Amino acid sequence: MFSYKEQPETLLEEDVLLDTSLEKSFQLIVWNDEVNTFEWVIETLVDICGHSPEQAEQCALIIHSQGKYAVKYGSYEILKPLCDAITERGINATVEVTA
């Protein structure tokens, strides 16, 4: 059985879990264009996002057919530098809040 002193620790742990679940999640969106080649988009996703060549190819096909695709999810602090690196290569990308 828990003593009175142990109960607040359990409640604090639950509070931390609750706060973590309320954090916003972001997605890195890559947009289709008529300028960049499949090869360049694939190479960029491998180099910058750490995708495997197969994963990057699948993303490129979805980007082409759907007009855009969320290629990575995470915190804004992690995704923003990736987005900047992608746009520096001439590929349109944005970071957006996950719906």
# chains A, B, ... in the order shown; residues from 1 in each chain; ligands from 1

$ residues_around --residues "Ile42 of chain A" --least-positions-apart "6" --cutoff "7 Å" --atoms "only C-alpha atoms" --output "ChimeraX atom specification"
/A:53,56-57,60

$ residues_around --residues "Gln66 of chain A" --least-positions-apart "4" --cutoff "9 Å" --atoms "only C-alpha atoms" --output "PyMOL selection string"
chain A and resi 32+61-62

$ write_last_selection --atoms "N, CA, C and O atoms" --output "PDB file, in the first residue's frame"
ATOM      1  N   ASN A  32       4.868  19.480 -54.849  1.00  0.00           N
ATOM      2  CA  ASN A  32       5.185  19.160 -56.240  1.00  0.00           C
ATOM      3  C   ASN A  32       5.449  20.449 -57.022  1.00  0.00           C
ATOM      4  O   ASN A  32       4.899  21.500 -56.714  1.00  0.00           O
ATOM      5  N   LEU A  61       6.918   9.813 -55.594  1.00  0.00           N
ATOM      6  CA  LEU A  61       5.747   9.423 -56.398  1.00  0.00           C
ATOM      7  C   LEU A  61       4.459   9.994 -55.816  1.00  0.00           C
ATOM      8  O   LEU A  61       3.588  10.467 -56.557  1.00  0.00           O
ATOM      9  N   ILE A  62       4.339   9.980 -54.500  1.00  0.00           N
ATOM     10  CA  ILE A  62       3.140  10.530 -53.853  1.00  0.00           C
ATOM     11  C   ILE A  62       3.104  12.048 -54.031  1.00  0.00           C
ATOM     12  O   ILE A  62       2.045  12.623 -54.325  1.00  0.00           O
TER      13      ILE A  62
END

$ atom_distance --atom1 "atom CA of Ala70 of chain A" --atom2 "atom CA of Trp31 of chain A"
9.0 Å

$ select_by_dssp --residues "segment 49-97 of chain A" --states "alpha helix (DSSP H)" --output "PyMOL selection string"
chain A and resi 49+53-66+76-88

$ residues_around --residues "Phe26 of chain A" --least-positions-apart "4" --cutoff "10 Å" --atoms "only C-alpha atoms" --output "PyMOL selection string"
chain A and resi 70+72-80+95-99

$ residues_around --residues "Gly90 of chain A" --least-positions-apart "5" --cutoff "12 Å" --atoms "only C-alpha atoms" --output "mmCIF file with C-alpha atoms, in the first residue's frame"
data_model
loop_
_atom_site.group_PDB
_atom_site.id
_atom_site.type_symbol
_atom_site.label_atom_id
_atom_site.label_comp_id
_atom_site.auth_asym_id
_atom_site.auth_seq_id
_atom_site.Cartn_x
_atom_site.Cartn_y
_atom_site.Cartn_z
ATOM 1 C CA VAL A 30 7.225 18.727 -49.703
ATOM 2 C CA TRP A 31 5.295 20.256 -52.610
ATOM 3 C CA ASN A 32 5.185 19.160 -56.240
ATOM 4 C CA ASP A 33 6.522 21.426 -58.955
ATOM 5 C CA GLU A 34 7.307 21.250 -62.648
ATOM 6 C CA VAL A 35 11.003 22.083 -62.179
ATOM 7 C CA ASN A 36 12.706 19.464 -60.001
ATOM 8 C CA THR A 37 13.332 15.931 -61.236
ATOM 9 C CA TRP A 40 16.765 15.341 -57.351
ATOM 10 C CA VAL A 41 13.819 15.040 -54.943
ATOM 11 C CA THR A 44 17.335 15.363 -51.319
ATOM 12 C CA CYS A 83 12.728 22.390 -44.328
ATOM 13 C CA ASP A 84 15.299 25.142 -44.788
ATOM 14 C CA ALA A 85 17.830 22.675 -46.209
#

$ atom_distance --atom1 "atom CA of Arg89 of chain A" --atom2 "atom CA of Lys24 of chain A"
27.5 Å
